[in-house]
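J.: To be precise about what I am sending: the file is called run-v8.pdb and holds PDB, C-alpha atoms.
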MODEL        1
ATOM      1  CA  MET A   1     171.921 142.360 109.846
ATOM      2  CA  HIS A   2     172.192 138.708 109.013
ATOM      3  CA  TYR A   3     169.970 135.742 109.371
ATOM      4  CA  SER A   4     169.719 132.334 107.893
ATOM      5  CA  ILE A   5     166.983 130.023 106.809
ATOM      6  CA  VAL A   6     167.415 126.333 107.432
ATOM      7  CA  VAL A   7     165.322 123.958 105.366
ATOM      8  CA  LYS A   8     164.610 120.662 107.054
ATOM      9  CA  THR A   9     163.308 117.854 104.907
ATOM     10  CA  THR A  10     162.034 115.785 107.817
ATOM     11  CA  GLU A  11     160.131 116.688 110.930
ATOM     12  CA  THR A  12     162.155 116.135 114.079
ATOM     13  CA  THR A  13     161.325 116.085 117.739
ATOM     14  CA  ALA A  14     163.814 116.374 120.601
ATOM     15  CA  PRO A  15     165.840 113.162 120.292
ATOM     16  CA  ASP A  16     166.656 110.809 123.121
ATOM     17  CA  ILE A  17     170.182 110.749 124.405
ATOM     18  CA  ASP A  18     172.223 109.097 121.695
ATOM     19  CA  GLN A  19     175.601 107.643 122.627
ATOM     20  CA  ASP A  20     176.924 108.078 119.101
ATOM     21  CA  GLY A  21     175.347 111.471 118.497
ATOM     22  CA  SER A  22     177.390 114.346 117.176
ATOM     23  CA  ASP A  23     178.624 116.928 119.638
ATOM     24  CA  GLN A  24     176.152 119.412 118.207
ATOM     25  CA  LEU A  25     173.245 117.053 118.798
ATOM     26  CA  ILE A  26     174.348 116.427 122.372
ATOM     27  CA  ILE A  27     174.674 120.162 122.967
ATOM     28  CA  GLN A  28     171.118 120.666 121.696
ATOM     29  CA  GLN A  29     169.913 117.998 124.100
ATOM     30  CA  VAL A  30     171.671 119.607 127.050
ATOM     31  CA  LEU A  31     170.283 123.011 126.135
ATOM     32  CA  ALA A  32     166.840 121.449 125.921
ATOM     33  CA  GLY A  33     167.211 120.381 129.550
ATOM     34  CA  LYS A  34     168.726 116.901 129.292
ATOM     35  CA  ARG A  35     171.512 117.531 131.759
ATOM     36  CA  ASP A  36     172.691 113.916 131.700
ATOM     37  CA  ALA A  37     173.619 114.207 128.030
ATOM     38  CA  PHE A  38     176.540 116.379 129.106
ATOM     39  CA  ARG A  39     178.112 113.243 130.586
ATOM     40  CA  LEU A  40     178.686 112.014 127.019
ATOM     41  CA  LEU A  41     180.796 115.047 126.245
ATOM     42  CA  ILE A  42     182.796 114.542 129.438
ATOM     43  CA  THR A  43     183.412 110.879 128.598
ATOM     44  CA  ARG A  44     184.331 111.725 125.042
ATOM     45  CA  TYR A  45     186.882 114.443 125.753
ATOM     46  CA  SER A  46     188.092 114.190 129.333
ATOM     47  CA  ASP A  47     191.116 111.945 128.702
ATOM     48  CA  PRO A  48     193.071 114.159 126.290
ATOM     49  CA  LEU A  49     192.113 117.244 128.273
ATOM     50  CA  TYR A  50     193.206 115.633 131.539
ATOM     51  CA  ARG A  51     196.552 114.623 130.021
ATOM     52  CA  HIS A  52     197.084 118.166 128.782
ATOM     53  CA  ALA A  53     196.320 119.649 132.200
ATOM     54  CA  LEU A  54     198.444 117.025 133.926
ATOM     55  CA  CYS A  55     201.486 117.655 131.753
ATOM     56  CA  MET A  56     201.081 121.411 132.002
ATOM     57  CA  THR A  57     200.701 121.526 135.781
ATOM     58  CA  GLY A  58     202.560 118.390 136.851
ATOM     59  CA  SER A  59     199.936 117.674 139.486
ATOM     60  CA  PRO A  60     197.032 115.203 139.242
ATOM     61  CA  ASP A  61     195.011 117.112 141.832
ATOM     62  CA  VAL A  62     195.407 120.394 140.004
ATOM     63  CA  ALA A  63     194.654 118.715 136.664
ATOM     64  CA  GLU A  64     191.414 117.295 138.104
ATOM     65  CA  ASP A  65     190.433 120.715 139.461
ATOM     66  CA  ILE A  66     191.147 122.441 136.162
ATOM     67  CA  LEU A  67     189.190 119.788 134.276
ATOM     68  CA  GLN A  68     186.228 120.092 136.619
ATOM     69  CA  LEU A  69     186.139 123.882 136.509
ATOM     70  CA  SER A  70     186.536 123.854 132.729
ATOM     71  CA  PHE A  71     183.614 121.471 132.181
ATOM     72  CA  ILE A  72     181.431 123.517 134.535
ATOM     73  CA  LYS A  73     182.359 126.666 132.637
ATOM     74  CA  ALA A  74     181.626 124.900 129.354
ATOM     75  CA  TYR A  75     178.217 123.779 130.650
ATOM     76  CA  GLN A  76     177.307 127.296 131.722
ATOM     77  CA  HIS A  77     178.288 128.766 128.363
ATOM     78  CA  LEU A  78     177.203 125.875 126.185
ATOM     79  CA  SER A  79     174.927 128.022 124.055
ATOM     80  CA  GLU A  80     177.949 130.043 122.974
ATOM     81  CA  VAL A  81     179.724 127.133 121.261
ATOM     82  CA  ARG A  82     180.512 128.046 117.682
ATOM     83  CA  GLY A  83     182.328 125.489 115.573
ATOM     84  CA  ARG A  84     183.950 122.395 117.055
ATOM     85  CA  PHE A  85     183.140 121.647 120.684
ATOM     86  CA  ASP A  86     186.450 119.839 121.284
ATOM     87  CA  ALA A  87     188.497 122.819 120.079
ATOM     88  CA  TRP A  88     186.411 125.205 122.187
ATOM     89  CA  MET A  89     186.796 122.929 125.206
ATOM     90  CA  PHE A  90     190.540 122.599 124.651
ATOM     91  CA  ARG A  91     190.914 126.382 124.756
ATOM     92  CA  ILE A  92     189.053 126.556 128.063
ATOM     93  CA  VAL A  93     191.337 123.927 129.612
ATOM     94  CA  ALA A  94     194.506 125.428 128.100
ATOM     95  CA  ASN A  95     193.565 128.860 129.459
ATOM     96  CA  GLY A  96     192.819 127.301 132.835
ATOM     97  CA  CYS A  97     196.307 125.786 132.883
ATOM     98  CA  LYS A  98     197.932 129.061 131.889
ATOM     99  CA  ASP A  99     196.026 130.958 134.564
ATOM    100  CA  TRP A 100     197.099 128.441 137.154
ATOM    101  CA  LEU A 101     200.724 128.659 136.057
ATOM    102  CA  LYS A 102     200.585 132.438 136.245
ATOM    103  CA  ASN A 103     199.359 132.337 139.813
ATOM    104  CA  ILE A 104     201.339 129.530 141.282
ATOM    105  CA  ARG A 105     205.023 129.021 141.751
ATOM    106  CA  ARG A 106     205.619 125.398 142.425
ATOM    107  CA  SER A 107     208.764 123.894 143.791
ATOM    108  CA  HIS A 108     208.329 120.203 143.450
ATOM    109  CA  LEU A 109     205.343 118.306 142.128
ATOM    110  CA  SER A 110     205.135 115.239 140.018
ATOM    111  CA  TYR A 111     202.290 113.152 138.768
ATOM    112  CA  GLU A 112     201.457 109.700 139.923
ATOM    113  CA  GLU A 113     202.088 106.537 138.068
ATOM    114  CA  ASP A 114     199.310 105.328 135.856
ATOM    115  CA  ASP A 115     197.455 102.086 136.272
ATOM    116  CA  GLN A 116     199.134 100.455 133.352
ATOM    117  CA  PRO A 117     201.141  97.332 134.147
ATOM    118  CA  SER A 118     204.860  97.875 134.013
ATOM    119  CA  GLN A 119     206.632  96.565 130.941
ATOM    120  CA  HIS A 120     210.031  96.595 132.608
ATOM    121  CA  ALA A 121     211.158  93.254 133.798
ATOM    122  CA  THR A 122     213.672  94.001 136.493
ATOM    123  CA  PRO A 123     213.475  96.292 139.523
ATOM    124  CA  GLU A 124     216.575  98.103 138.231
ATOM    125  CA  GLU A 125     214.839  98.923 134.963
ATOM    126  CA  GLU A 126     211.748 100.054 136.837
ATOM    127  CA  LEU A 127     213.892 102.288 139.032
ATOM    128  CA  ASP A 128     215.482 103.831 135.937
ATOM    129  CA  ARG A 129     212.053 104.510 134.480
ATOM    130  CA  THR A 130     210.821 106.162 137.659
ATOM    131  CA  GLU A 131     213.899 108.352 137.700
ATOM    132  CA  LEU A 132     213.462 109.318 134.043
ATOM    133  CA  ARG A 133     209.815 110.074 134.737
ATOM    134  CA  SER A 134     210.544 112.500 137.543
ATOM    135  CA  ASP A 135     213.470 114.049 135.661
ATOM    136  CA  LEU A 136     211.249 114.547 132.626
ATOM    137  CA  ASP A 137     208.556 116.108 134.822
ATOM    138  CA  ARG A 138     211.095 118.442 136.347
ATOM    139  CA  ALA A 139     212.577 119.362 132.975
ATOM    140  CA  LEU A 140     209.137 120.008 131.512
ATOM    141  CA  THR A 141     208.078 122.229 134.391
ATOM    142  CA  SER A 142     211.282 124.256 134.011
ATOM    143  CA  LEU A 143     210.280 125.283 130.480
ATOM    144  CA  PRO A 144     208.368 128.520 129.876
ATOM    145  CA  ALA A 145     204.646 127.789 129.627
ATOM    146  CA  SER A 146     204.389 128.463 125.900
ATOM    147  CA  LEU A 147     207.241 126.053 125.066
ATOM    148  CA  ARG A 148     205.865 123.405 127.396
ATOM    149  CA  GLU A 149     202.413 123.726 125.887
ATOM    150  CA  ALA A 150     203.722 123.386 122.336
ATOM    151  CA  PHE A 151     205.937 120.418 123.251
ATOM    152  CA  ILE A 152     203.098 118.597 125.029
ATOM    153  CA  MET A 153     200.669 119.187 122.173
ATOM    154  CA  LYS A 154     203.196 117.856 119.675
ATOM    155  CA  HIS A 155     204.843 114.980 121.527
ATOM    156  CA  VAL A 156     202.262 113.840 124.052
ATOM    157  CA  GLU A 157     199.022 114.655 122.276
ATOM    158  CA  GLY A 158     200.439 113.900 118.837
ATOM    159  CA  ARG A 159     198.814 116.888 117.147
ATOM    160  CA  SER A 160     199.898 118.262 113.801
ATOM    161  CA  TYR A 161     201.346 121.772 113.627
ATOM    162  CA  GLU A 162     198.311 122.875 111.621
ATOM    163  CA  GLU A 163     195.931 121.639 114.303
ATOM    164  CA  MET A 164     198.028 123.285 117.010
ATOM    165  CA  ALA A 165     198.016 126.563 115.100
ATOM    166  CA  ASP A 166     194.254 126.354 114.762
ATOM    167  CA  LEU A 167     193.757 125.691 118.468
ATOM    168  CA  LEU A 168     196.228 128.254 119.742
ATOM    169  CA  GLY A 169     195.522 130.942 117.166
ATOM    170  CA  THR A 170     199.108 131.276 116.050
ATOM    171  CA  THR A 171     201.217 130.339 113.047
ATOM    172  CA  VAL A 172     202.760 127.000 112.154
ATOM    173  CA  GLY A 173     206.178 128.675 111.959
ATOM    174  CA  ALA A 174     205.930 130.085 115.480
ATOM    175  CA  LEU A 175     204.849 126.711 116.829
ATOM    176  CA  LYS A 176     207.680 124.882 115.101
ATOM    177  CA  MET A 177     210.060 127.346 116.684
ATOM    178  CA  ARG A 178     208.553 126.696 120.125
ATOM    179  CA  VAL A 179     208.698 122.929 119.748
ATOM    180  CA  HIS A 180     212.282 123.071 118.484
ATOM    181  CA  ARG A 181     213.350 125.277 121.362
ATOM    182  CA  ALA A 182     211.589 123.025 123.847
ATOM    183  CA  ARG A 183     213.333 119.945 122.444
ATOM    184  CA  GLU A 184     216.724 121.561 122.613
ATOM    185  CA  ALA A 185     216.141 122.772 126.151
ATOM    186  CA  LEU A 186     214.906 119.350 127.281
ATOM    187  CA  GLN A 187     217.806 117.567 125.669
ATOM    188  CA  ALA A 188     220.244 119.981 127.275
ATOM    189  CA  LEU A 189     218.644 119.313 130.650
ATOM    190  CA  LEU A 190     218.412 115.552 130.368
ATOM    191  CA  GLU A 191     221.040 114.255 128.031
ATOM    192  CA  GLU A 192     223.972 114.233 130.413
ATOM    193  CA  LYS A 193     222.151 111.633 132.416
ATOM    194  CA  TYR A 194     220.294 109.722 129.744
ATOM    195  CA  ALA A 195     222.085 110.027 126.413
TER     196      ALA A 195
ATOM    197  CA  MET B 196     223.932 150.446 138.516
ATOM    198  CA  TYR B 197     220.270 150.600 137.623
ATOM    199  CA  ASP B 198     217.719 148.328 136.049
ATOM    200  CA  ASP B 199     216.876 149.138 132.479
ATOM    201  CA  LEU B 200     213.129 149.434 132.438
ATOM    202  CA  ASN B 201     213.068 150.889 128.943
ATOM    203  CA  SER B 202     214.090 147.896 126.934
ATOM    204  CA  GLU B 203     211.078 148.043 124.636
ATOM    205  CA  PRO B 204     211.629 149.715 121.257
ATOM    206  CA  GLY B 205     210.443 153.290 121.316
ATOM    207  CA  LEU B 206     211.053 153.681 125.021
ATOM    208  CA  ALA B 207     214.816 154.191 124.824
ATOM    209  CA  ARG B 208     216.246 157.127 126.748
ATOM    210  CA  GLU B 209     217.907 160.043 125.073
ATOM    211  CA  GLY B 210     221.343 159.099 123.871
ATOM    212  CA  GLN B 211     220.621 155.398 123.825
ATOM    213  CA  LYS B 212     220.579 153.537 120.568
ATOM    214  CA  ARG B 213     217.087 153.160 119.199
ATOM    215  CA  PRO B 214     216.331 150.285 116.855
ATOM    216  CA  THR B 215     216.299 151.392 113.261
ATOM    217  CA  PRO B 216     213.028 151.042 111.352
ATOM    218  CA  ASP B 217     214.486 148.445 109.032
ATOM    219  CA  GLU B 218     215.417 146.144 111.900
ATOM    220  CA  PRO B 219     212.945 143.276 111.747
ATOM    221  CA  ALA B 220     210.468 143.332 114.599
ATOM    222  CA  ARG B 221     211.186 140.462 116.938
ATOM    223  CA  SER B 222     208.257 138.276 117.702
ATOM    224  CA  LEU B 223     207.075 137.726 121.254
ATOM    225  CA  MET B 224     208.459 134.208 121.107
ATOM    226  CA  ASP B 225     212.003 135.493 120.543
ATOM    227  CA  ARG B 226     211.724 137.640 123.608
ATOM    228  CA  GLU B 227     210.473 134.912 125.916
ATOM    229  CA  VAL B 228     211.983 134.286 129.305
ATOM    230  CA  PRO B 229     215.375 132.625 129.007
ATOM    231  CA  LEU B 230     215.529 128.985 129.948
ATOM    232  CA  GLY B 231     217.818 129.489 132.916
ATOM    233  CA  GLN B 232     221.490 128.791 133.273
ATOM    234  CA  GLN B 233     221.295 125.582 131.279
ATOM    235  CA  ALA B 234     222.720 126.287 127.858
ATOM    236  CA  GLU B 235     220.476 125.177 125.016
ATOM    237  CA  ARG B 236     221.910 122.546 122.807
ATOM    238  CA  LEU B 237     221.252 122.932 119.129
ATOM    239  CA  LEU B 238     219.725 119.888 117.524
ATOM    240  CA  ALA B 239     220.533 119.186 113.902
ATOM    241  CA  ALA B 240     217.765 120.109 111.464
ATOM    242  CA  PRO B 241     217.362 116.498 110.248
ATOM    243  CA  VAL B 242     216.699 115.384 113.845
ATOM    244  CA  HIS B 243     213.939 117.961 114.171
ATOM    245  CA  ALA B 244     212.587 116.840 110.807
ATOM    246  CA  TRP B 245     212.614 113.210 111.976
ATOM    247  CA  LEU B 246     210.863 114.140 115.227
ATOM    248  CA  ASP B 247     208.301 116.062 113.172
ATOM    249  CA  GLY B 248     207.684 112.949 111.079
ATOM    250  CA  GLU B 249     209.141 114.471 107.946
ATOM    251  CA  LEU B 250     212.144 112.131 107.680
ATOM    252  CA  PRO B 251     212.498 108.399 108.256
ATOM    253  CA  GLU B 252     214.638 107.244 111.155
ATOM    254  CA  ALA B 253     217.208 105.739 108.766
ATOM    255  CA  ALA B 254     218.018 109.240 107.542
ATOM    256  CA  VAL B 255     219.209 110.343 110.976
ATOM    257  CA  ARG B 256     220.853 107.110 112.117
ATOM    258  CA  LYS B 257     224.229 108.456 111.101
ATOM    259  CA  SER B 258     227.167 108.661 113.468
ATOM    260  CA  ASP B 259     226.828 112.362 114.260
ATOM    261  CA  THR B 260     223.122 112.259 115.090
ATOM    262  CA  SER B 261     222.729 108.685 116.323
ATOM    263  CA  ARG B 262     223.188 109.825 119.931
ATOM    264  CA  ASP B 263     220.281 112.258 119.565
ATOM    265  CA  VAL B 264     218.142 109.544 118.009
ATOM    266  CA  GLU B 265     218.831 107.213 120.937
ATOM    267  CA  PHE B 266     218.009 109.958 123.403
ATOM    268  CA  TRP B 267     214.670 110.804 121.775
ATOM    269  CA  ARG B 268     213.704 107.172 121.380
ATOM    270  CA  GLY B 269     214.244 106.694 125.113
ATOM    271  CA  LEU B 270     212.233 109.792 125.913
ATOM    272  CA  ASP B 271     209.450 108.791 123.538
ATOM    273  CA  SER B 272     208.866 105.530 125.372
ATOM    274  CA  GLU B 273     208.372 107.560 128.535
ATOM    275  CA  MET B 274     205.999 109.923 126.749
ATOM    276  CA  ALA B 275     204.072 106.921 125.449
ATOM    277  CA  ARG B 276     203.281 106.135 129.070
ATOM    278  CA  VAL B 277     201.838 109.618 129.511
ATOM    279  CA  ARG B 278     199.780 109.126 126.339
ATOM    280  CA  ARG B 279     198.110 106.092 127.940
ATOM    281  CA  MET B 280     197.052 107.980 131.047
ATOM    282  CA  ARG B 281     193.333 108.309 131.593
ATOM    283  CA  THR B 282     191.157 110.549 133.686
ATOM    284  CA  PRO B 283     190.599 109.020 137.146
ATOM    285  CA  GLN B 284     187.187 107.384 137.249
ATOM    286  CA  HIS B 285     185.774 109.522 140.041
ATOM    287  CA  VAL B 286     186.312 112.764 138.098
ATOM    288  CA  GLU B 287     183.363 112.318 135.741
ATOM    289  CA  ALA B 288     180.942 111.780 138.625
ATOM    290  CA  GLN B 289     182.490 114.723 140.457
ATOM    291  CA  ILE B 290     181.949 117.009 137.479
ATOM    292  CA  MET B 291     178.360 115.857 136.988
ATOM    293  CA  ALA B 292     177.627 116.428 140.676
ATOM    294  CA  ALA B 293     179.104 119.923 140.509
ATOM    295  CA  LEU B 294     177.106 121.014 137.455
ATOM    296  CA  PRO B 295     174.275 123.482 138.055
ATOM    297  CA  THR B 296     170.925 121.694 138.292
ATOM    298  CA  HIS B 297     169.215 123.987 135.803
ATOM    299  CA  ALA B 298     169.786 123.857 132.066
ATOM    300  CA  PRO B 299     172.458 126.207 130.716
ATOM    301  CA  ALA B 300     171.069 129.596 129.800
ATOM    302  CA  ALA B 301     170.443 130.012 126.127
ATOM    303  CA  THR B 302     171.942 133.121 124.634
ATOM    304  CA  ILE B 303     169.197 135.600 123.805
ATOM    305  CA  THR B 304     169.598 136.621 120.198
ATOM    306  CA  PRO B 305     167.450 139.215 118.422
ATOM    307  CA  TRP B 306     164.831 137.762 116.078
ATOM    308  CA  PHE B 307     166.605 138.958 112.941
ATOM    309  CA  ARG B 308     169.711 136.977 113.826
ATOM    310  CA  ARG B 309     167.911 133.765 114.611
ATOM    311  CA  GLU B 310     167.643 130.835 112.267
ATOM    312  CA  PHE B 311     164.337 130.391 110.491
ATOM    313  CA  VAL B 312     163.608 126.697 110.363
ATOM    314  CA  VAL B 313     161.388 125.763 107.421
ATOM    315  CA  THR B 314     159.942 122.284 107.700
ATOM    316  CA  PRO B 315     157.690 120.773 104.985
ATOM    317  CA  THR B 316     154.633 121.336 107.179
ATOM    318  CA  THR B 317     155.365 125.010 107.809
ATOM    319  CA  ALA B 318     156.167 125.522 104.119
ATOM    320  CA  LEU B 319     152.757 124.037 103.161
ATOM    321  CA  LEU B 320     150.932 126.093 105.784
ATOM    322  CA  VAL B 321     152.614 129.323 104.713
ATOM    323  CA  GLY B 322     151.867 128.537 101.048
ATOM    324  CA  ALA B 323     148.214 127.802 101.779
ATOM    325  CA  ALA B 324     147.907 130.989 103.839
ATOM    326  CA  LEU B 325     149.397 133.052 101.021
ATOM    327  CA  VAL B 326     147.017 131.537  98.441
ATOM    328  CA  ALA B 327     144.051 132.160 100.736
ATOM    329  CA  ALA B 328     145.103 135.750 101.389
ATOM    330  CA  ALA B 329     145.646 136.374  97.679
ATOM    331  CA  SER B 330     142.245 134.986  96.775
ATOM    332  CA  ILE B 331     140.519 137.078  99.467
ATOM    333  CA  ILE B 332     142.247 140.239  98.274
ATOM    334  CA  THR B 333     141.383 139.445  94.642
ATOM    335  CA  ALA B 334     137.739 138.827  95.550
ATOM    336  CA  LEU B 335     137.567 142.147  97.432
ATOM    337  CA  VAL B 336     139.138 144.088  94.554
ATOM    338  CA  VAL B 337     136.974 142.481  91.870
ATOM    339  CA  ARG B 338     133.748 143.111  93.840
TER     340      ARG B 338
ENDMDL
END
Just dump the structure as structure tokens.
T.:
Amino acid sequence: MHYSIVVKTTETTAPDIDQDGSDQLIIQQVLAGKRDAFRLLITRYSDPLYRHALCMTGSPDVAEDILQLSFIKAYQHLSEVRGRFDAWMFRIVANGCKDWLKNIRRSHLSYEEDDQPSQHATPEEELDRTELRSDLDRALTSLPASLREAFIMKHVEGRSYEEMADLLGTTVGALKMRVHRAREALQALLEEKYA
Amino acid sequence: MYDDLNSEPGLAREGQKRPTPDEPARSLMDREVPLGQQAERLLAAPVHAWLDGELPEAAVRKSDTSRDVEFWRGLDSEMARVRRMRTPQHVEAQIMAALPTHAPAATITPWFRREFVVTPTTALLVGAALVAAASIITALVVR
């Protein structure tokens, strides 16, 4: 049996939706019936989660679907959040990607270009970039899911090994091994053309 | 010719070599699906260290690893493009429209696991109630 006593030094009422509020505060608001507050969590975390899903699946449509289903799942189980919301949410999306990869065998999918203006001056350079993009997509999708996931978290999301270990529930050593293997496999696949 | 379905340690058939107990157990990662026909190319440890941010670029700009450095610099500029990608604008509205209209169900926890919130007002009220109860009991006993 365990219980805790929280001592509050000030009286509080249910706060209005606060753009800068902590995740925990927003979660309390949503649980109290302020459904619109959930939009703040979507805005706050959708970009990195979308990029993860996009890189894992290689398809913008699938990434959107996974993101949508994950946020709905998160909303339905919001009262079960323990600890950091972003880490909890990441695990939902990552599991969604893995489930999708388990069920689908894709032959050829690649994600669309972003809206960013091109920094390459000539059409030849732009053509080279497009080719590298699709080759990188293809090489990434040829990796086993666990290597791809580790590589994306390290090189696209820029996470530290410690953070990755925390999110994936594994050791730093195992993750380093995965990232190293992914790099070597990618280089083997791409270097003939691009080195 | 038959498929070996007993490749896991402990499942070896009679007469086949079983792994000895002092053989280190191989982690799941080591047994992952091979990466296809493409042979893996070993990267030098300093290149991995540089890519992990543990070494400066100057340390790997030597003749034998400079080709790897060029390759990863080229690839990094492509990955930087991915890092700039954002969720399409319609997705947020789509998610909000798909959310259930009712508030998420709160998990029902037994009373002894719930948090007891003590605000200054409740603390004062409880204190006053205790004093009142004590004085009533004292008055009854003394009478």
J.: Report the residues retrieved by the PyMOL selection byres ((chain A and resi 141) around 9) from the displayed file, expressed as a list in words.
T.: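 Residues picked by the PyMOL selection byres ((chain A and resi 141) around 9): Cys55, Met56, Thr57, Gly58, Arg106, Leu136, Asp137, Arg138, Ala139, Leu140, Ser142, Leu143, Pro144, Ala145 and Arg148 of chain A.
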J.: Translate the PyMOL selection byres ((chain A and resi 42) around 12), as applied to the file shown, into an explicit residue set as JSON, numbers by chain.
T.: {"A": [23, 26, 27, 35, 36, 37, 38, 39, 40, 41, 43, 44, 45, 46, 47, 48, 49, 50, 67, 68, 70, 71, 72, 74, 75, 85, 86, 89], "B": [282, 284, 286, 287, 288, 289, 290, 291, 294]}
J.: CA of Phe151 (chain A) and CA of Ala240 (chain B) are how many Å apart?
T.: 16.7 Å
J.: Translate the PyMOL selection byres ((chain B and resi 247) around 12), as applied to the file shown, into an explicit residue set as a PDB file with C-alpha atoms, in the frame of the given file.
T.:
ATOM      1  CA  PHE A 151     205.937 120.418 123.251  1.00  0.00           C
ATOM      2  CA  LYS A 154     203.196 117.856 119.675  1.00  0.00           C
ATOM      3  CA  HIS A 155     204.843 114.980 121.527  1.00  0.00           C
ATOM      4  CA  GLY A 158     200.439 113.900 118.837  1.00  0.00           C
ATOM      5  CA  ARG A 159     198.814 116.888 117.147  1.00  0.00           C
ATOM      6  CA  SER A 160     199.898 118.262 113.801  1.00  0.00           C
ATOM      7  CA  TYR A 161     201.346 121.772 113.627  1.00  0.00           C
ATOM      8  CA  LEU A 175     204.849 126.711 116.829  1.00  0.00           C
ATOM      9  CA  LYS A 176     207.680 124.882 115.101  1.00  0.00           C
ATOM     10  CA  MET A 177     210.060 127.346 116.684  1.00  0.00           C
ATOM     11  CA  VAL A 179     208.698 122.929 119.748  1.00  0.00           C
ATOM     12  CA  HIS A 180     212.282 123.071 118.484  1.00  0.00           C
ATOM     13  CA  ARG A 183     213.333 119.945 122.444  1.00  0.00           C
TER      14      ARG A 183
ATOM     15  CA  ALA B 240     217.765 120.109 111.464  1.00  0.00           C
ATOM     16  CA  PRO B 241     217.362 116.498 110.248  1.00  0.00           C
ATOM     17  CA  VAL B 242     216.699 115.384 113.845  1.00  0.00           C
ATOM     18  CA  HIS B 243     213.939 117.961 114.171  1.00  0.00           C
ATOM     19  CA  ALA B 244     212.587 116.840 110.807  1.00  0.00           C
ATOM     20  CA  TRP B 245     212.614 113.210 111.976  1.00  0.00           C
ATOM     21  CA  LEU B 246     210.863 114.140 115.227  1.00  0.00           C
ATOM     22  CA  GLY B 248     207.684 112.949 111.079  1.00  0.00           C
ATOM     23  CA  GLU B 249     209.141 114.471 107.946  1.00  0.00           C
ATOM     24  CA  LEU B 250     212.144 112.131 107.680  1.00  0.00           C
ATOM     25  CA  PRO B 251     212.498 108.399 108.256  1.00  0.00           C
ATOM     26  CA  GLU B 252     214.638 107.244 111.155  1.00  0.00           C
ATOM     27  CA  TRP B 267     214.670 110.804 121.775  1.00  0.00           C
TER      28      TRP B 267
END
J.: Got a sec: who's within 10 Å of Leu237 (chain B), counting all atoms listed in the file, leaving out chain neighbours fewer than 5 positions off, as a list in words?
T.: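 Contacts, with the query itself left out: His180, Arg181, Arg183, Glu184, Ala185, Gln187 and Ala188 of chain A.
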J.: Considering all atoms listed in the file, can you say which of A:Val30, A:Leu25, A:Leu147, A:Ala94 comes closest to Ala298 (chain B)?
T.: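 Selected residue with least distance to Ala298 (chain B): A:Val30.
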